[in-house]
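Shown below: start-v3.txt, with compact mmCIF, C-alpha atoms.
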```
# COMPACT_ATOMS: atom_id res chain seq x y z
CA MET A 598 -24.58 -32.44 34.32
CA ASN A 599 -27.41 -30.05 33.73
CA LYS A 600 -26.30 -27.91 30.79
CA ASN A 601 -28.25 -24.97 32.12
CA TRP A 602 -26.30 -25.04 35.33
CA SER A 603 -24.43 -21.80 35.78
CA LEU A 604 -21.62 -20.92 38.14
CA SER A 605 -23.07 -19.40 41.30
CA GLN A 606 -20.98 -17.31 43.66
CA GLU A 607 -21.58 -19.86 46.40
CA ALA A 608 -20.32 -22.76 44.28
CA PHE A 609 -17.35 -20.73 43.10
CA ASP A 610 -16.45 -19.87 46.69
CA ALA A 611 -16.62 -23.57 47.57
CA LEU A 612 -14.27 -24.33 44.69
CA LEU A 613 -11.79 -21.70 45.86
CA ASP A 614 -11.96 -23.09 49.44
CA TRP A 615 -11.14 -26.53 48.09
CA LEU A 616 -8.17 -25.23 46.11
CA ASP A 617 -6.64 -23.36 49.06
CA SER A 618 -7.75 -22.00 52.40
CA ASP A 619 -6.00 -18.71 51.56
CA ARG A 620 -8.28 -16.89 49.11
CA GLU A 621 -5.47 -15.17 47.24
CA GLN A 622 -3.57 -18.41 46.76
CA ALA A 623 -6.79 -20.12 45.72
CA GLY A 624 -7.30 -17.49 43.01
CA ILE A 625 -3.78 -18.04 41.72
CA LYS A 626 -4.30 -21.83 41.68
CA TYR A 627 -7.59 -21.41 39.85
CA GLU A 628 -5.91 -19.36 37.11
CA GLN A 629 -3.05 -21.84 36.88
CA ILE A 630 -5.41 -24.79 36.50
CA ARG A 631 -7.45 -22.99 33.85
CA SER A 632 -4.33 -22.08 31.82
CA ARG A 633 -3.06 -25.64 32.00
CA LEU A 634 -6.40 -27.07 30.98
CA ILE A 635 -6.31 -24.81 27.92
CA VAL A 636 -2.88 -26.23 27.06
CA PHE A 637 -4.26 -29.75 27.58
CA PHE A 638 -7.15 -29.22 25.16
CA ALA A 639 -4.99 -27.32 22.66
CA GLY A 640 -2.50 -30.21 22.80
CA ARG A 641 -5.33 -32.50 21.75
CA GLY A 642 -6.22 -30.27 18.83
CA CYS A 643 -9.38 -28.63 20.21
CA ILE A 644 -9.97 -25.27 18.56
CA ASN A 645 -12.20 -24.06 21.42
CA ALA A 646 -9.72 -25.03 24.14
CA GLU A 647 -10.72 -22.06 26.30
CA ASP A 648 -14.41 -23.07 26.28
CA LEU A 649 -13.60 -26.68 27.08
CA ALA A 650 -11.37 -25.59 29.97
CA ASP A 651 -14.26 -23.54 31.35
CA GLU A 652 -16.64 -26.45 30.86
CA THR A 653 -14.28 -28.69 32.84
CA ILE A 654 -14.09 -26.13 35.65
CA ASN A 655 -17.87 -25.76 35.71
CA ARG A 656 -18.35 -29.51 36.01
CA VAL A 657 -15.91 -29.77 38.89
CA THR A 658 -17.44 -26.72 40.56
CA SER A 659 -20.96 -28.13 40.31
CA LYS A 660 -19.92 -31.14 42.36
CA VAL A 661 -17.19 -29.66 44.51
CA ASN A 662 -18.95 -30.41 47.82
CA GLU A 663 -19.10 -34.13 47.00
CA ILE A 664 -15.58 -34.15 45.58
CA GLN A 665 -14.18 -32.61 48.75
CA LYS A 666 -15.55 -35.52 50.78
CA GLU A 667 -14.47 -38.29 48.45
CA PHE A 668 -11.26 -37.13 46.77
CA ASP A 669 -8.00 -36.77 48.65
CA GLY A 670 -5.14 -35.52 46.49
CA ASP A 671 -3.93 -32.75 44.21
CA PRO A 672 -7.06 -30.99 42.84
CA ALA A 673 -5.21 -30.52 39.53
CA LEU A 674 -5.33 -34.28 39.02
CA TYR A 675 -9.10 -34.32 39.52
CA PHE A 676 -9.48 -31.58 36.94
CA TYR A 677 -7.30 -33.62 34.60
CA GLY A 678 -9.60 -36.63 34.96
CA VAL A 679 -12.69 -34.55 34.24
CA ALA A 680 -10.93 -32.86 31.31
CA LYS A 681 -10.41 -36.26 29.69
CA TRP A 682 -14.18 -36.92 29.89
CA VAL A 683 -14.95 -33.49 28.48
CA TYR A 684 -12.55 -34.20 25.63
CA THR A 685 -14.25 -37.54 24.85
CA GLU A 686 -17.61 -35.80 24.66
CA TYR A 687 -16.10 -33.05 22.53
CA LEU A 688 -14.99 -35.66 19.98
CA ARG A 689 -18.57 -36.94 19.70
CA ARG A 690 -20.05 -33.54 19.00
CA LYS A 691 -17.09 -32.02 17.14
CA THR A 692 -18.13 -29.15 14.86
CA PRO A 693 -16.24 -27.69 11.88
CA GLN A 694 -13.38 -25.39 12.86
CA SER A 695 -13.73 -21.69 12.34
CA GLN A 696 -11.06 -19.25 11.29
CA SER A 697 -10.05 -16.36 13.51
CA ALA A 698 -11.14 -12.93 12.31
CA PRO A 699 -8.44 -10.90 10.55
CA ILE A 700 -7.11 -7.82 12.35
CA ASP A 701 -7.99 -4.54 10.67
CA SER A 702 -5.26 -2.04 9.88
CA ALA A 703 -6.43 0.54 12.45
CA ARG A 704 -6.20 -2.05 15.22
CA ALA A 705 -2.79 -3.21 13.96
CA GLU A 706 -1.59 0.39 14.01
CA LEU A 707 -2.86 0.88 17.55
CA GLU A 708 -1.12 -2.29 18.70
CA PHE A 709 2.15 -1.09 17.20
CA ARG A 710 1.85 2.35 18.83
CA CYS A 711 1.15 0.68 22.15
CA LEU A 712 4.15 -1.59 21.72
CA GLU A 713 6.37 1.44 21.08
CA ARG A 714 5.04 3.12 24.21
CA CYS A 715 5.51 0.02 26.33
CA VAL A 716 9.03 -0.65 25.05
CA ALA A 717 9.91 2.97 25.86
CA ARG A 718 8.90 2.27 29.47
CA LEU A 719 11.31 -0.64 29.80
CA SER A 720 14.61 -0.12 31.54
CA GLU A 721 17.57 0.63 29.25
CA GLU A 722 18.97 -2.80 30.03
CA ASP A 723 15.77 -4.70 29.21
CA ARG A 724 15.21 -2.72 26.02
CA ALA A 725 18.75 -3.47 24.81
CA LEU A 726 18.26 -7.15 25.66
CA LEU A 727 15.03 -7.32 23.71
CA LEU A 728 16.59 -5.70 20.63
CA LYS A 729 19.61 -7.96 20.79
CA ASP A 730 17.46 -11.04 21.26
CA TYR A 731 15.82 -10.34 17.92
CA GLY A 732 18.30 -8.02 16.26
CA ALA A 733 21.21 -10.04 14.88
CA LYS A 734 20.18 -11.09 11.39
CA GLY A 735 21.45 -14.16 9.62
CA GLN A 736 21.60 -16.15 12.87
CA THR A 737 19.17 -18.68 14.24
CA GLN A 738 17.43 -18.03 17.54
CA ALA A 739 19.68 -20.60 19.23
CA GLU A 740 22.83 -18.94 17.87
CA ARG A 741 21.65 -15.48 18.88
CA ARG A 742 20.73 -16.59 22.39
CA LYS A 743 23.99 -18.48 22.90
CA ALA A 744 26.01 -15.41 21.89
CA LEU A 745 23.87 -13.15 24.06
CA ALA A 746 24.11 -15.41 27.11
CA ASP A 747 27.91 -15.50 26.70
CA GLU A 748 28.00 -11.70 26.38
CA LEU A 749 25.93 -11.24 29.55
CA GLY A 750 27.77 -13.97 31.44
CA ILE A 751 24.57 -15.84 32.33
CA THR A 752 23.30 -19.31 31.51
CA LEU A 753 21.14 -19.86 28.47
CA ASN A 754 18.21 -20.86 30.66
CA ALA A 755 18.54 -17.70 32.78
CA LEU A 756 18.47 -15.66 29.56
CA ARG A 757 15.37 -17.50 28.28
CA ILE A 758 13.51 -16.80 31.53
CA ARG A 759 14.59 -13.16 31.51
CA VAL A 760 13.43 -12.60 27.94
CA PHE A 761 10.16 -14.41 28.70
CA ARG A 762 9.47 -12.12 31.67
CA ILE A 763 10.21 -8.98 29.68
CA ARG A 764 7.83 -10.14 26.96
CA THR A 765 5.13 -11.11 29.43
CA GLY A 766 5.34 -7.64 30.99
CA LEU A 767 5.15 -6.06 27.55
CA LYS A 768 2.03 -8.04 26.66
CA VAL A 769 0.27 -6.90 29.83
CA CYS A 770 1.31 -3.30 29.14
CA ILE A 771 0.06 -3.48 25.52
CA GLU A 772 -3.29 -4.96 26.59
CA LYS A 773 -3.78 -2.11 29.03
CA CYS A 774 -2.66 0.51 26.51
CA ILE A 775 -5.15 -0.83 23.94
CA GLN A 776 -8.00 -0.88 26.44
CA ASP A 777 -7.20 2.68 27.49
CA SER A 778 -7.14 3.82 23.87
CA LEU A 779 -10.48 2.29 22.85
CA MET B 468 7.94 -30.11 24.47
CA ARG B 469 8.36 -29.03 20.88
CA GLU B 470 6.76 -32.28 19.72
CA PHE B 471 3.87 -31.74 22.13
CA LEU B 472 3.34 -28.20 20.87
CA LEU B 473 3.46 -29.23 17.23
CA GLY B 474 1.19 -32.21 17.86
CA THR B 475 3.68 -34.90 16.90
CA LEU B 476 4.22 -36.52 20.30
CA ASP B 477 3.05 -40.13 20.45
CA ARG B 478 -0.02 -40.95 22.51
CA ASP B 479 1.68 -42.52 25.55
CA HIS B 480 4.20 -39.73 25.98
CA LYS B 481 1.48 -37.17 25.41
CA THR B 482 -0.66 -38.57 28.23
CA GLN B 483 2.31 -38.57 30.62
CA PHE B 484 3.22 -35.06 29.60
CA GLU B 485 -0.33 -33.74 29.99
CA GLU B 486 -0.40 -34.96 33.56
CA ARG B 487 2.91 -33.25 34.29
CA ILE B 488 1.63 -29.98 32.80
CA LEU B 489 -1.32 -30.09 35.20
CA THR B 490 0.66 -30.99 38.30
CA GLU B 491 4.22 -29.63 37.91
CA PRO B 492 4.46 -25.83 37.79
CA SER B 493 8.00 -25.88 36.38
CA VAL B 494 6.92 -28.01 33.41
CA TYR B 495 4.11 -25.62 32.58
CA GLU B 496 6.41 -22.58 32.82
CA GLU B 497 8.97 -24.23 30.59
CA LEU B 498 6.19 -24.99 28.12
CA LEU B 499 5.18 -21.32 27.98
CA ILE B 500 8.77 -20.31 27.26
CA ASP B 501 8.97 -22.95 24.54
CA GLU B 502 5.72 -21.64 23.06
CA GLU B 503 7.18 -18.16 22.69
CA GLU B 504 10.40 -19.47 21.20
CA LEU B 505 8.46 -21.54 18.69
CA ILE B 506 6.45 -18.46 17.73
CA ASP B 507 9.66 -16.47 17.20
CA GLN B 508 11.09 -19.22 15.05
CA TYR B 509 7.92 -19.18 12.98
CA VAL B 510 7.99 -15.40 12.63
CA THR B 511 11.67 -15.31 11.60
CA GLY B 512 11.19 -18.19 9.14
CA GLU B 513 13.39 -20.65 11.04
CA LEU B 514 10.92 -23.53 10.96
CA SER B 515 11.11 -26.15 8.22
CA ALA B 516 8.19 -26.43 5.80
CA VAL B 517 6.84 -29.46 7.70
CA GLU B 518 7.09 -27.67 11.06
CA ARG B 519 5.35 -24.61 9.64
CA GLU B 520 2.48 -26.77 8.51
CA GLN B 521 2.25 -28.38 11.96
CA PHE B 522 2.52 -24.96 13.59
CA GLU B 523 -0.33 -23.55 11.51
CA SER B 524 -2.63 -26.56 11.70
CA HIS B 525 -2.01 -27.67 15.29
CA PHE B 526 -0.22 -25.09 17.40
CA LEU B 527 -2.25 -22.06 16.34
CA ILE B 528 -5.47 -23.70 17.44
CA THR B 529 -6.22 -21.46 20.42
CA ALA B 530 -7.10 -17.79 20.43
CA GLU B 531 -4.39 -17.13 23.02
CA ARG B 532 -1.67 -18.57 20.82
CA GLN B 533 -2.97 -16.61 17.82
CA LYS B 534 -2.74 -13.51 19.98
CA ASN B 535 0.80 -14.44 20.97
CA LEU B 536 1.72 -14.89 17.33
CA ARG B 537 0.41 -11.41 16.61
CA PHE B 538 2.58 -10.12 19.43
CA GLY B 539 5.61 -11.96 18.01
CA LYS B 540 5.07 -10.40 14.59
CA LEU B 541 4.60 -6.99 16.14
CA LEU B 542 7.81 -7.31 18.11
CA GLN B 543 9.69 -8.41 15.01
CA LYS B 544 8.38 -5.37 13.13
CA TYR B 545 9.44 -3.11 15.99
CA VAL B 546 12.92 -4.58 16.26
CA ASN B 547 13.43 -4.39 12.47
CA SER B 548 12.66 -0.69 12.62
CA HIS B 549 14.87 -0.02 15.64
CA VAL B 550 18.07 -1.98 15.09
CA GLU B 551 20.83 0.61 14.93
CA GLU B 552 23.79 0.65 12.58
CA PRO B 553 27.18 0.31 14.32
CA PRO B 554 28.75 3.76 14.84
CA ILE B 555 31.69 4.78 12.63
CA PRO B 556 34.83 5.48 14.71
CA SER B 557 35.43 9.22 14.76
CA GLN B 558 39.26 8.96 14.76
CA SER B 559 39.54 6.99 11.52
CA PHE B 560 41.51 9.65 9.66
CA SER B 561 43.63 11.10 12.47
CA PHE B 562 46.78 9.51 11.01
CA LEU B 563 46.67 12.08 8.15
CA HIS B 564 47.71 14.93 10.40
CA THR B 565 51.51 14.77 10.09
CA PRO B 566 53.53 15.37 6.81
CA VAL B 567 55.38 12.02 6.95
CA ARG B 568 52.23 10.10 7.59
CA ARG B 569 50.51 12.08 4.85
CA LEU B 570 52.99 10.65 2.31
CA ALA B 571 52.47 7.16 3.67
CA SER B 572 48.77 7.66 3.50
CA LEU B 573 48.98 8.67 -0.19
CA GLY B 574 50.64 5.34 -0.89
CA LEU B 575 47.96 3.58 1.08
CA LEU B 576 45.28 5.51 -0.79
CA ALA B 577 46.80 4.46 -4.13
CA ALA B 578 46.80 0.83 -2.99
CA ILE B 579 43.15 1.10 -1.89
CA LEU B 580 42.17 2.68 -5.22
CA GLY B 581 44.01 -0.10 -7.07
CA ALA B 582 42.21 -2.77 -5.04
CA ALA B 583 38.90 -1.00 -5.55
CA GLY B 584 39.59 -0.94 -9.30
CA ILE B 585 40.18 -4.69 -9.33
CA ILE B 586 37.04 -5.30 -7.30
CA PHE B 587 35.07 -3.05 -9.65
CA ILE B 588 36.37 -4.88 -12.75
CA ARG B 589 35.64 -8.28 -11.14
CA GLY B 590 32.19 -7.08 -10.20
CA PHE B 591 31.64 -5.90 -13.77
CA VAL B 592 32.67 -9.32 -15.13
CA ASN B 593 30.43 -11.05 -12.59
CA ARG B 594 27.52 -8.89 -13.60
CA ARG B 595 28.09 -9.74 -17.26
CA GLU B 596 28.16 -13.45 -16.38
CA ALA B 597 24.92 -13.09 -14.51
CA ALA B 598 23.20 -12.18 -17.72
CA SER B 599 19.72 -13.20 -16.58
CA VAL B 600 19.69 -11.06 -13.45
CA VAL B 601 18.63 -7.45 -13.51
CA GLN B 602 19.86 -5.69 -10.40
CA GLN B 603 19.05 -2.14 -9.42
CA THR B 604 19.81 -0.50 -6.09
CA THR B 605 18.16 2.60 -4.77
CA SER B 606 19.17 4.09 -1.41
CA GLN B 607 17.07 1.59 0.59
CA VAL B 608 15.96 -1.17 -1.76
CA MET B 609 17.93 -3.41 -4.09
CA THR B 610 15.69 -4.87 -6.77
CA VAL B 611 16.70 -8.16 -8.34
CA THR B 612 14.69 -9.79 -11.12
CA LEU B 613 14.96 -13.57 -11.15
CA GLN B 614 14.03 -16.06 -13.84
CA PRO B 615 12.74 -19.48 -12.86
CA GLY B 616 15.19 -22.37 -12.80
CA SER B 617 17.00 -24.71 -10.46
CA PRO B 618 20.80 -25.01 -10.03
CA GLU B 619 20.60 -28.21 -12.10
CA THR B 620 19.00 -26.46 -15.08
CA GLN B 621 21.12 -23.31 -14.77
CA GLY B 622 24.49 -25.02 -14.18
CA SER B 623 27.45 -22.66 -14.02
CA THR B 624 25.39 -19.73 -15.28
CA ALA B 625 23.52 -19.47 -11.95
CA GLN B 626 22.01 -16.04 -11.45
CA SER B 627 24.34 -13.91 -9.36
CA VAL B 628 23.42 -11.18 -6.93
CA ASN B 629 25.92 -8.79 -5.40
CA LEU B 630 26.09 -8.91 -1.60
CA PRO B 631 23.69 -6.18 -0.41
CA PRO B 632 25.00 -3.47 1.92
CA ARG B 633 23.74 -3.37 5.51
CA GLY B 634 20.35 -1.77 6.00
CA VAL B 635 19.26 -2.35 2.41
CA GLU B 636 16.21 -4.44 1.63
CA VAL B 637 16.35 -6.82 -1.29
CA LYS B 638 13.25 -7.03 -3.43
CA LEU B 639 13.34 -10.25 -5.40
CA GLU B 640 11.07 -10.05 -8.42
CA LEU B 641 10.15 -13.56 -9.47
CA GLN B 642 9.24 -13.64 -13.15
CA LEU B 643 6.01 -15.43 -13.85
CA ALA B 644 4.94 -16.93 -17.20
CA LYS B 645 1.21 -16.50 -16.59
CA PRO B 646 -0.75 -15.19 -13.61
CA THR B 647 -3.14 -17.96 -12.56
CA PHE B 648 -3.59 -17.19 -8.87
CA SER B 649 -4.79 -14.17 -6.93
CA TYR B 650 -2.17 -14.69 -4.23
CA TYR B 651 1.26 -16.28 -4.15
CA LYS B 652 3.51 -17.72 -1.48
CA SER B 653 7.32 -17.50 -1.58
CA GLU B 654 9.81 -19.32 0.60
CA LEU B 655 13.53 -18.55 0.70
CA PHE B 656 15.93 -21.44 1.34
CA ARG B 657 19.63 -21.76 1.89
CA GLU B 658 21.01 -25.32 1.86
CA ASN B 659 17.46 -26.67 2.34
CA LYS B 660 16.96 -24.53 5.43
CA SER B 661 13.94 -22.27 5.25
CA LEU B 662 14.87 -18.63 5.99
CA LYS B 663 11.69 -16.74 5.25
CA ILE B 664 8.14 -17.29 4.04
CA SER B 665 5.72 -14.70 2.74
CA ASP B 666 2.20 -15.52 1.74
CA GLU B 667 -0.71 -13.59 0.36
CA ILE B 668 1.60 -11.83 -2.12
CA LYS B 669 -0.07 -10.16 -5.06
CA ILE B 670 1.58 -10.07 -8.47
CA GLU B 671 2.92 -6.84 -9.96
CA ALA B 672 3.06 -5.84 -13.59
CA LYS B 673 6.53 -5.02 -14.88
CA GLY B 674 6.37 -3.87 -18.48
CA GLU B 675 4.70 -6.66 -20.35
CA GLN B 676 5.64 -9.21 -17.72
CA CYS B 677 4.26 -10.23 -14.35
CA VAL B 678 6.46 -10.61 -11.31
CA VAL B 679 5.86 -11.81 -7.77
CA PRO B 680 7.64 -9.41 -5.38
CA PHE B 681 9.37 -11.04 -2.41
CA THR B 682 11.30 -8.71 -0.11
CA VAL B 683 13.98 -9.91 2.29
CA THR B 684 16.39 -7.95 4.45
CA GLY B 685 19.94 -7.57 3.19
CA GLU B 686 21.24 -9.00 6.46
CA MET B 687 19.52 -12.27 5.65
CA LEU B 688 21.86 -12.83 2.70
CA SER B 689 25.52 -13.74 2.80
CA PRO B 690 27.73 -15.19 0.02
CA GLY B 691 26.34 -18.55 -1.06
CA ASP B 692 23.57 -20.28 -2.99
CA TYR B 693 19.88 -19.60 -2.37
CA GLN B 694 16.63 -20.91 -3.70
CA VAL B 695 13.14 -19.42 -3.70
CA LYS B 696 10.16 -21.74 -3.96
CA LEU B 697 7.10 -20.10 -5.47
CA SER B 698 3.60 -21.51 -4.97
CA GLY B 699 0.15 -20.31 -5.87
CA VAL B 700 -2.24 -19.97 -2.94
CA GLY B 701 -5.32 -22.00 -3.78
CA SER B 702 -8.42 -22.76 -1.76
CA GLY B 703 -7.16 -25.16 0.86
CA THR B 704 -3.80 -26.14 -0.58
CA ASP B 705 -0.85 -24.38 -2.17
CA GLU B 706 0.23 -25.33 -5.68
CA PHE B 707 3.94 -25.42 -6.47
CA ILE B 708 4.84 -23.24 -9.47
CA ASP B 709 8.62 -22.98 -9.80
CA ASN B 710 12.00 -22.64 -8.13
CA TYR B 711 14.26 -19.61 -8.53
CA SER B 712 17.94 -20.00 -7.76
CA PHE B 713 20.59 -17.38 -7.26
CA ARG B 714 24.06 -17.01 -5.87
CA VAL B 715 25.11 -14.14 -3.63
CA ILE B 716 28.64 -12.98 -4.42
CA GLU B 717 30.91 -10.45 -2.72
```

What does this structure look like when you write it as structure tokens?
Amino acid sequence: MNKNWSLSQEAFDALLDWLDSDREQAGIKYEQIRSRLIVFFAGRGCINAEDLADETINRVTSKVNEIQKEFDGDPALYFYGVAKWVYTEYLRRKTPQSQSAPIDSARAELEFRCLERCVARLSEEDRALLLKDYGAKGQTQAERRKALADELGITLNALRIRVFRIRTGLKVCIEKCIQDSL
Amino acid sequence: MREFLLGTLDRDHKTQFEERILTEPSVYEELLIDEEELIDQYVTGELSAVEREQFESHFLITAERQKNLRFGKLLQKYVNSHVEEPPIPSQSFSFLHTPVRRLASLGLLAAILGAAGIIFIRGFVNRREAASVVQQTTSQVMTVTLQPGSPETQGSTAQSVNLPPRGVEVKLELQLAKPTFSYYKSELFRENKSLKISDEIKIEAKGEQCVVPFTVTGEMLSPGDYQVKLSGVGSGTDEFIDNYSFRVIE
């Protein structure tokens, strides 16, 4: 692939068409594939998993018109095949790993203020659940969750999903709060 | 999934699992939940030393996961500052309101004072036995100075620490013969299970001695035997320095 090739709107539209005829669904599928590619590269120990995921997407996008004619199956599997090639090339040119930059105290303080604001916006029920999920000291996470699921009369898996959703919502809220504050 | 996240899954299983992540939405969602749970276990010190090493060297490889770890730490900090004490029942002393019950209550009070006296005397004896432990409690922080030594070397004279009240933090001061590192790492264990790790700790001067401060929440301790492993943080690897053992008593 030409390394100078950049993602044009036309090529990107063709990619989205291949993923799904409905544009909104195609966008969702695109995001899902990208997130999973990041997990794939991270699972193989690549520090720049995000970049490699984007490189994989760019390669597929650059040839999407040909792929559409020749490949019949789940697009995710095609991405997976390309990702394995990208990984092999990554191993050949692997560079020393860099450390992430430390967070300064002002930023840490802002993040905490935003967290407080976002938690305050949660429903009473969700806030109590979050505090209980972390709150009981001297217990392991498994013990805490088991007790909490029993208390709420729900399965452990239902509790895990519920906590995950609350946290995901909080993360989105914090991101927005930080952006608004900067 | 845990093995995949920590990078310990064998090659064949990894390849199969990678394909499932790409093609099965439920597998990917489950993986995200597992990621968050692993982060929480890291933040609360539930991972073993080996798992922590795998977590730091393999799991934390992406910027997104590093961001999620920051969120986990932030949430932990928030919850620690917002967990409420259980309310005290307001009708505790209503039985004192009638003359007959008042007499009965005086008897009860005498019994309680007697029991408290015994507990105080036992506590005094325990404190004398724990000759190598200096324990001082302010309103929020209980400071305990520990000398190095394992249960094997200390035998029956293991350093004893009184069970801290709820809401009190316990500052363990680990005595150090000579300060050779800029930063230190402490890990608290109970029955070989890691409870908490702190790194990048700086030493503090205490009189003519140096101590490494290591603060844990009172709720983390219950009656039983504990061990703190102290290491110096070097460039690249940590260097083991000493173990500090203590027993929490009621």

For range 599-635 of chain A versus range 670-675 of chain A, which residues have an atom no more than 12 Å away, and what is each residue's nearest atom pair and distance in Å rounded to one decimal, using all atoms listed in the file, chain-then-number order, as CSV?
```
residue,atom,partner,partner_atom,distance
A:Leu612,CA,A:Pro672,CA,10.0
A:Leu613,CA,A:Pro672,CA,10.9
A:Asp614,CA,A:Pro672,CA,11.4
A:Trp615,CA,A:Pro672,CA,8.0
A:Leu616,CA,A:Pro672,CA,6.7
A:Asp617,CA,A:Pro672,CA,9.9
A:Ala623,CA,A:Pro672,CA,11.2
A:Lys626,CA,A:Ala673,CA,9.0
A:Tyr627,CA,A:Ala673,CA,9.4
A:Glu628,CA,A:Ala673,CA,11.4
A:Gln629,CA,A:Ala673,CA,9.3
A:Ile630,CA,A:Ala673,CA,6.5
A:Arg631,CA,A:Ala673,CA,9.7
A:Ser632,CA,A:Ala673,CA,11.5
A:Arg633,CA,A:Ala673,CA,9.2
A:Leu634,CA,A:Ala673,CA,9.3
```

CA of Gln738 in chain A to CA of Gly642 in chain A, straight-line distance in Å | 26.7 Å

Write down, as JSON, numbers by chain, each residue of chain B that has any atom within 9 Å of an atom of chain A, counting all atoms listed in the file.
-> {"B": [471, 472, 473, 474, 481, 485, 486, 488, 489, 490, 492, 495, 497, 499, 500, 503, 504, 507, 508, 511, 513, 524, 525, 526, 527, 528, 529, 530, 531, 533, 535, 538, 541, 542, 543, 544, 545, 546, 547, 549, 550, 662, 684, 685, 686, 687, 688, 689]}

Closest of B:Ser712, B:Glu518, B:His480, B:Ala672 to Lys645 in chain B - atom-to-atom distances counting all atoms listed in the file = B:Ala672

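Of the residues listed (B:Glu675, B:Asp666, B:Glu654, B:Glu717), B:Glu654 shows the shortest atom-to-atom separation from Val695 in chain B; distances use all atoms listed in the file.
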
Interatomic distance, CA of Glu640 in chain B to CA of Thr612 in chain B (Å, one decimal) = 4.5 Å

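Put simply, CA of Lys652 in chain B is 7.2 Å away from CA of Ile664 in chain B.
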